[in-house]
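**Student:** Sharing structure_7.txt (compact mmCIF, C-alpha atoms) below.
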```
# COMPACT_ATOMS: atom_id res chain seq x y z
CA MET B 1 45.80 21.73 -43.46
CA ALA B 2 44.28 22.77 -46.77
CA ASP B 3 46.55 24.29 -49.42
CA VAL B 4 44.26 27.32 -49.67
CA ASP B 5 42.49 28.14 -46.43
CA ILE B 6 39.87 30.83 -45.93
CA PRO B 7 37.63 31.41 -42.91
CA GLN B 8 34.53 29.18 -42.81
CA GLU B 9 32.20 32.18 -42.77
CA GLU B 10 33.77 33.48 -45.98
CA ALA B 11 33.48 30.07 -47.68
CA ASP B 12 29.82 29.83 -46.64
CA GLU B 13 29.18 33.29 -48.09
CA LEU B 14 30.90 32.35 -51.36
CA ILE B 15 28.74 29.23 -51.66
CA ALA B 16 25.54 31.11 -50.81
CA MET B 17 26.02 34.12 -53.10
CA GLU B 18 24.28 34.12 -56.45
CA LYS B 19 26.47 33.48 -59.46
CA ARG B 20 26.12 33.63 -63.19
CA TYR B 21 27.73 31.48 -65.83
CA THR B 22 29.84 33.58 -68.21
CA GLY B 23 30.60 31.25 -71.13
CA PRO B 24 28.80 30.20 -74.32
CA ASP B 25 25.03 29.67 -74.17
CA THR B 26 25.43 25.93 -74.87
CA VAL B 27 28.07 23.44 -73.70
CA ASP B 28 28.58 19.72 -74.27
CA TYR B 29 28.64 17.27 -71.39
CA PRO B 30 32.10 15.65 -71.40
CA GLY B 31 32.79 12.30 -73.00
CA GLY B 32 34.99 9.61 -71.45
CA GLY B 33 38.23 11.05 -70.08
CA GLU B 34 37.16 14.60 -70.98
CA LYS B 35 36.65 17.68 -68.84
CA LEU B 36 34.14 20.50 -69.17
CA LYS B 37 35.41 23.81 -67.76
CA MET B 38 32.97 26.58 -66.97
CA LYS B 39 33.58 30.04 -65.52
CA CYS B 40 31.16 31.93 -63.32
CA GLU B 41 31.13 35.20 -61.44
CA SER B 42 29.19 37.11 -58.85
CA PRO B 43 26.66 39.64 -60.23
CA ASP B 44 28.99 42.52 -59.26
CA GLU B 45 31.90 40.69 -60.98
CA ALA B 46 33.98 40.92 -57.77
CA GLU B 47 34.27 37.14 -57.32
CA ARG B 48 35.28 34.53 -59.91
CA PHE B 49 34.39 30.85 -59.79
CA HIS B 50 35.23 27.71 -61.74
CA LEU B 51 33.10 24.63 -62.28
CA ASP B 52 34.84 21.62 -63.77
CA VAL B 53 33.10 18.40 -64.74
CA TYR B 54 35.40 15.44 -65.26
CA ARG B 55 34.23 12.09 -66.56
CA GLY B 56 36.18 8.88 -66.14
CA ARG B 57 38.01 7.47 -69.14
CA ILE B 58 37.17 3.81 -68.48
CA GLU B 59 34.32 4.05 -65.99
CA LEU B 60 32.08 6.49 -67.85
CA GLU B 61 29.62 6.67 -64.95
CA LYS B 62 32.40 7.99 -62.69
CA VAL B 63 31.98 11.77 -62.67
CA HIS B 64 33.35 14.64 -60.57
CA HIS B 65 31.71 18.07 -60.36
CA ASN B 66 34.26 20.43 -58.81
CA PHE B 67 33.26 23.98 -57.84
CA ARG B 68 36.03 26.41 -56.82
CA ALA B 69 36.37 30.07 -55.92
CA ARG B 70 39.36 32.28 -56.68
CA THR B 71 40.90 29.58 -58.88
CA ALA B 72 42.08 27.35 -56.02
CA VAL B 73 39.59 27.40 -53.11
CA PRO B 74 37.59 24.14 -53.27
CA LEU B 75 34.03 24.90 -52.15
CA LEU B 76 31.94 21.93 -53.35
CA ARG B 77 32.64 18.66 -55.12
CA LEU B 78 30.10 16.03 -56.06
CA ASP B 79 31.66 12.64 -56.78
CA LEU B 80 29.43 10.16 -58.62
CA ASN B 81 30.34 6.48 -58.63
CA ALA B 82 33.81 7.30 -57.31
CA SER B 83 35.89 5.40 -54.78
CA PRO B 84 34.45 5.40 -51.25
CA HIS B 85 35.84 8.30 -49.20
CA GLN B 86 37.28 8.38 -45.70
CA ASN B 87 36.97 11.64 -43.77
CA PRO B 88 39.74 12.99 -41.51
CA ASP B 89 37.90 11.58 -38.46
CA GLY B 90 37.85 8.08 -39.97
CA GLU B 91 34.17 8.09 -40.99
CA LYS B 92 33.60 6.47 -44.37
CA VAL B 93 31.08 7.53 -46.98
CA GLY B 94 29.97 5.66 -50.08
CA ARG B 95 30.91 5.94 -53.73
CA THR B 96 28.60 8.88 -54.41
CA HIS B 97 29.22 11.73 -51.98
CA LEU B 98 29.36 15.51 -51.63
CA HIS B 99 32.50 17.32 -50.46
CA VAL B 100 31.90 20.66 -48.74
CA TYR B 101 34.62 23.15 -47.79
CA ARG B 102 35.63 23.03 -44.13
CA GLU B 103 38.11 25.54 -42.73
CA GLY B 104 41.49 23.91 -42.19
CA TYR B 105 40.61 20.91 -44.36
CA GLY B 106 39.57 22.30 -47.74
CA ASP B 107 37.34 19.70 -49.37
CA ALA B 108 38.68 16.73 -47.36
CA TRP B 109 35.28 16.18 -45.69
CA ALA B 110 32.55 14.39 -47.62
CA TYR B 111 28.94 13.59 -46.79
CA GLU B 112 26.37 11.13 -48.01
CA VAL B 113 24.19 12.85 -50.58
CA PRO B 114 20.58 13.44 -49.47
CA ASP B 115 18.22 11.31 -51.57
CA ASP B 116 16.49 14.19 -53.32
CA ALA B 117 19.38 16.67 -53.64
CA PHE B 118 20.66 15.70 -57.10
CA GLY B 119 17.96 13.54 -58.64
CA ASP B 120 17.86 9.76 -58.50
CA LEU B 121 21.57 9.04 -58.16
CA GLU B 122 21.00 5.31 -57.70
CA ASN B 123 19.38 4.85 -61.11
CA MET B 124 21.37 6.96 -63.52
CA GLU B 125 21.14 5.12 -66.82
CA HIS B 126 20.75 7.73 -69.53
CA PRO B 127 22.92 10.67 -70.61
CA GLU B 128 20.11 13.03 -69.60
CA ASP B 129 20.37 11.75 -65.99
CA PHE B 130 23.95 13.01 -65.75
CA VAL B 131 23.01 16.34 -67.31
CA ARG B 132 20.15 16.69 -64.82
CA THR B 133 22.61 16.08 -61.99
CA LEU B 134 24.88 18.82 -63.36
CA TYR B 135 21.95 21.26 -63.44
CA ASP B 136 21.07 20.29 -59.86
CA PHE B 137 24.71 20.79 -58.80
CA MET B 138 24.81 24.23 -60.44
CA THR B 139 21.63 25.15 -58.57
CA HIS B 140 23.15 23.83 -55.32
CA ALA B 141 26.15 26.13 -55.95
CA ASN B 142 23.71 29.02 -56.59
CA ILE B 143 24.61 29.44 -60.24
CA MET B 144 21.40 31.12 -61.32
CA GLN B 145 22.25 31.78 -64.95
CA GLN B 146 23.18 28.41 -66.43
CA PRO B 147 24.15 27.22 -69.90
CA ARG B 148 22.17 24.72 -71.90
CA VAL B 149 24.00 21.38 -71.60
CA ASN B 150 23.92 18.89 -74.45
CA PRO B 151 24.15 15.29 -73.27
CA HIS B 152 27.03 13.15 -74.49
CA LEU B 153 26.14 9.65 -75.60
CA PHE B 154 27.62 6.93 -73.41
```
Take the structure in the file and write it out as structure tokens.
**Tutor:**
Amino acid sequence: MADVDIPQEEADELIAMEKRYTGPDTVDYPGGGEKLKMKCESPDEAERFHLDVYRGRIELEKVHHNFRARTAVPLLRLDLNASPHQNPDGEKVGRTHLHVYREGYGDAWAYEVPDDAFGDLENMEHPEDFVRTLYDFMTHANIMQQPRVNPHLF
């Protein structure tokens, strides 16, 4: 059972609603072992969201994009070059995968990422590739007003 459980319909609505980023106009993509924290809200300011980007300290290509509602409800998480994941039913997914909230399980379920959903995830070689993936993830989470993201040199 997830620590914070909401009905699936409510989670789907939270993911689908438009959001706006509420921080500075420009942010820096995190360096090794660093985290970028961004706050978002619904246009009517009734719902608050958090997007955290964490980059591995040793494996710099290992990145987690974690999107939450109400501080603790995990809605989406994109893991890049992470450890393979095993779902509650035993199905395994590869190192790059997308977690999506499922009632009763939080973000314990992960799926293979569709080839065109977040750019060319197999050939990410430049800092701009990771920034592009972050923009794609923000769009996937329906964050319509986004900051400018400066790439961090690897």
**Student:** At a cut-off of 7 Å, using only C-alpha atoms, what residues contact stretch 43-54 of chain B? Leave out same-chain residues fewer than 6 positions from it and give the result as a short mmCIF file (atom, residue, chain, number, x, y, z; two decimals) with C-alpha atoms, in the frame of the given file.
**Tutor:**
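Written file, out.cif:
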```
data_model
loop_
_atom_site.label_atom_id
_atom_site.label_comp_id
_atom_site.auth_asym_id
_atom_site.auth_seq_id
_atom_site.Cartn_x
_atom_site.Cartn_y
_atom_site.Cartn_z
CA LYS B 19 26.47 33.48 -59.46
CA ARG B 20 26.12 33.63 -63.19
CA PRO B 30 32.10 15.65 -71.40
CA GLU B 34 37.16 14.60 -70.98
CA LYS B 35 36.65 17.68 -68.84
CA LEU B 36 34.14 20.50 -69.17
CA LYS B 37 35.41 23.81 -67.76
CA VAL B 63 31.98 11.77 -62.67
CA HIS B 64 33.35 14.64 -60.57
CA HIS B 65 31.71 18.07 -60.36
CA ASN B 66 34.26 20.43 -58.81
CA PHE B 67 33.26 23.98 -57.84
CA ARG B 68 36.03 26.41 -56.82
CA ALA B 69 36.37 30.07 -55.92
CA ARG B 70 39.36 32.28 -56.68
CA THR B 71 40.90 29.58 -58.88
#
```
**Student:** Measure the distance from atom CA of B:His97 to atom CA of B:Leu80 in Å and round it to one decimal.
**Tutor:**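 So the two atoms, atom CA of B:His97 and atom CA of B:Leu80, lie 6.8 Å apart.
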**Student:** Taking only C-alpha atoms into account, name the residue in B:Val27, B:Ile6, B:Asp12, B:Met17 that is nearest to B:Ile143.
**Tutor:**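 Counting only C-alpha atoms, the residue closest to B:Ile143 is B:Met17.
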**Student:** Calculated over all atoms listed in the file, which of the candidates B:Arg102, B:Arg55, B:Asp115, B:Tyr21 has the smallest distance to B:Lys39?
**Tutor:**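 Of B:Arg102, B:Arg55, B:Asp115, B:Tyr21, the one nearest B:Lys39 is B:Tyr21, counting all atoms listed in the file.
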**Student:** Nearest to B:Asp136: which of B:Glu112, B:Val4, B:Leu78, B:Gly106 is it, counting only C-alpha atoms?
**Tutor:** B:Leu78
**Student:** What gap, in Å, lies between atom CA of B:Asp5 and atom CA of B:Ala108?
**Tutor:**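 We find that atom CA of B:Asp5 and atom CA of B:Ala108 lie 12.1 Å from each other.
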**Student:** So the first atom is atom CA of B:Phe137 and the second is atom CA of B:Gly90; what is the distance between them in Å, to one decimal place?
**Tutor:** 26.2 Å
**Student:** Using all atoms listed in the file for the distances, tell me which of B:Phe118, B:Trp109, B:Tyr29, B:Phe130 is nearest to B:Glu91.
**Tutor:** B:Trp109
**Student:** Let me make sure I understand: among B:Glu122, B:Asp89, B:Glu13, B:Glu41, which one has the smallest atom-to-atom distance to B:Gln146 if we use only C-alpha atoms?
**Tutor:**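 Distance minimum relative to B:Gln146 lands on B:Glu41.
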**Student:** I'd like to know which of B:Lys62, B:Arg132, B:Arg95, B:His85 is closest to B:Val149, using all atoms listed in the file.
**Tutor:**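 Of all the options, B:Arg132 lies closest to B:Val149.
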**Student:** Mind filling out stretch 56-78 of chain B with N, CA, C and O atoms and sending it as an mmCIF file, keeping the file's coordinate frame?
**Tutor:**
```cif
data_model
loop_
_atom_site.group_PDB
_atom_site.id
_atom_site.type_symbol
_atom_site.label_atom_id
_atom_site.label_comp_id
_atom_site.auth_asym_id
_atom_site.auth_seq_id
_atom_site.Cartn_x
_atom_site.Cartn_y
_atom_site.Cartn_z
ATOM 1 N N GLY B 56 35.179 9.927 -66.072
ATOM 2 C CA GLY B 56 36.180 8.880 -66.140
ATOM 3 C C GLY B 56 36.414 8.372 -67.551
ATOM 4 O O GLY B 56 35.504 8.329 -68.371
ATOM 5 N N ARG B 57 37.638 7.963 -67.816
ATOM 6 C CA ARG B 57 38.010 7.470 -69.140
ATOM 7 C C ARG B 57 37.485 6.051 -69.356
ATOM 8 O O ARG B 57 36.993 5.726 -70.429
ATOM 9 N N ILE B 58 37.612 5.209 -68.347
ATOM 10 C CA ILE B 58 37.170 3.810 -68.480
ATOM 11 C C ILE B 58 35.792 3.620 -67.865
ATOM 12 O O ILE B 58 34.907 3.049 -68.486
ATOM 13 N N GLU B 59 35.621 4.112 -66.647
ATOM 14 C CA GLU B 59 34.320 4.050 -65.990
ATOM 15 C C GLU B 59 33.562 5.331 -66.330
ATOM 16 O O GLU B 59 33.701 6.337 -65.661
ATOM 17 N N LEU B 60 32.749 5.281 -67.370
ATOM 18 C CA LEU B 60 32.080 6.490 -67.850
ATOM 19 C C LEU B 60 31.065 7.042 -66.867
ATOM 20 O O LEU B 60 30.711 8.218 -66.939
ATOM 21 N N GLU B 61 30.586 6.210 -65.944
ATOM 22 C CA GLU B 61 29.620 6.670 -64.950
ATOM 23 C C GLU B 61 30.299 7.350 -63.770
ATOM 24 O O GLU B 61 29.644 7.865 -62.879
ATOM 25 N N LYS B 62 31.634 7.329 -63.744
ATOM 26 C CA LYS B 62 32.400 7.990 -62.690
ATOM 27 C C LYS B 62 32.587 9.450 -63.094
ATOM 28 O O LYS B 62 33.235 9.747 -64.098
ATOM 29 N N VAL B 63 31.991 10.357 -62.310
ATOM 30 C CA VAL B 63 31.980 11.770 -62.670
ATOM 31 C C VAL B 63 32.290 12.610 -61.428
ATOM 32 O O VAL B 63 31.842 12.290 -60.327
ATOM 33 N N HIS B 64 33.052 13.688 -61.638
ATOM 34 C CA HIS B 64 33.350 14.640 -60.570
ATOM 35 C C HIS B 64 32.889 16.020 -61.010
ATOM 36 O O HIS B 64 33.253 16.474 -62.097
ATOM 37 N N HIS B 65 32.098 16.680 -60.161
ATOM 38 C CA HIS B 65 31.710 18.070 -60.360
ATOM 39 C C HIS B 65 32.475 18.863 -59.309
ATOM 40 O O HIS B 65 32.229 18.687 -58.120
ATOM 41 N N ASN B 66 33.390 19.704 -59.723
ATOM 42 C CA ASN B 66 34.260 20.430 -58.810
ATOM 43 C C ASN B 66 34.015 21.923 -58.930
ATOM 44 O O ASN B 66 34.233 22.499 -60.000
ATOM 45 N N PHE B 67 33.572 22.554 -57.832
ATOM 46 C CA PHE B 67 33.260 23.980 -57.840
ATOM 47 C C PHE B 67 34.248 24.720 -56.941
ATOM 48 O O PHE B 67 34.357 24.416 -55.759
ATOM 49 N N ARG B 68 34.981 25.692 -57.531
ATOM 50 C CA ARG B 68 36.030 26.410 -56.820
ATOM 51 C C ARG B 68 35.822 27.912 -56.911
ATOM 52 O O ARG B 68 35.251 28.408 -57.875
ATOM 53 N N ALA B 69 36.333 28.605 -55.907
ATOM 54 C CA ALA B 69 36.370 30.070 -55.920
ATOM 55 C C ALA B 69 37.818 30.503 -56.052
ATOM 56 O O ALA B 69 38.730 29.775 -55.636
ATOM 57 N N ARG B 70 38.023 31.680 -56.624
ATOM 58 C CA ARG B 70 39.360 32.280 -56.680
ATOM 59 C C ARG B 70 40.407 31.300 -57.212
ATOM 60 O O ARG B 70 41.503 31.196 -56.685
ATOM 61 N N THR B 71 40.050 30.552 -58.188
ATOM 62 C CA THR B 71 40.900 29.580 -58.880
ATOM 63 C C THR B 71 41.219 28.350 -58.050
ATOM 64 O O THR B 71 41.139 27.236 -58.551
ATOM 65 N N ALA B 72 41.550 28.492 -56.761
ATOM 66 C CA ALA B 72 42.080 27.350 -56.020
ATOM 67 C C ALA B 72 41.362 27.007 -54.710
ATOM 68 O O ALA B 72 41.787 26.093 -54.017
ATOM 69 N N VAL B 73 40.289 27.702 -54.363
ATOM 70 C CA VAL B 73 39.590 27.400 -53.110
ATOM 71 C C VAL B 73 38.468 26.411 -53.409
ATOM 72 O O VAL B 73 37.464 26.772 -54.029
ATOM 73 N N PRO B 74 38.606 25.151 -52.972
ATOM 74 C CA PRO B 74 37.590 24.140 -53.270
ATOM 75 C C PRO B 74 36.363 24.323 -52.366
ATOM 76 O O PRO B 74 36.452 24.153 -51.158
ATOM 77 N N LEU B 75 35.235 24.669 -52.955
ATOM 78 C CA LEU B 75 34.030 24.900 -52.150
ATOM 79 C C LEU B 75 33.121 23.680 -52.105
ATOM 80 O O LEU B 75 32.647 23.296 -51.037
ATOM 81 N N LEU B 76 32.840 23.081 -53.256
ATOM 82 C CA LEU B 76 31.940 21.930 -53.350
ATOM 83 C C LEU B 76 32.490 20.943 -54.377
ATOM 84 O O LEU B 76 33.046 21.358 -55.391
ATOM 85 N N ARG B 77 32.308 19.677 -54.116
ATOM 86 C CA ARG B 77 32.640 18.660 -55.120
ATOM 87 C C ARG B 77 31.680 17.492 -54.963
ATOM 88 O O ARG B 77 31.566 16.919 -53.895
ATOM 89 N N LEU B 78 31.001 17.177 -56.035
ATOM 90 C CA LEU B 78 30.100 16.030 -56.060
ATOM 91 C C LEU B 78 30.795 14.920 -56.828
ATOM 92 O O LEU B 78 31.131 15.084 -58.001
#
```
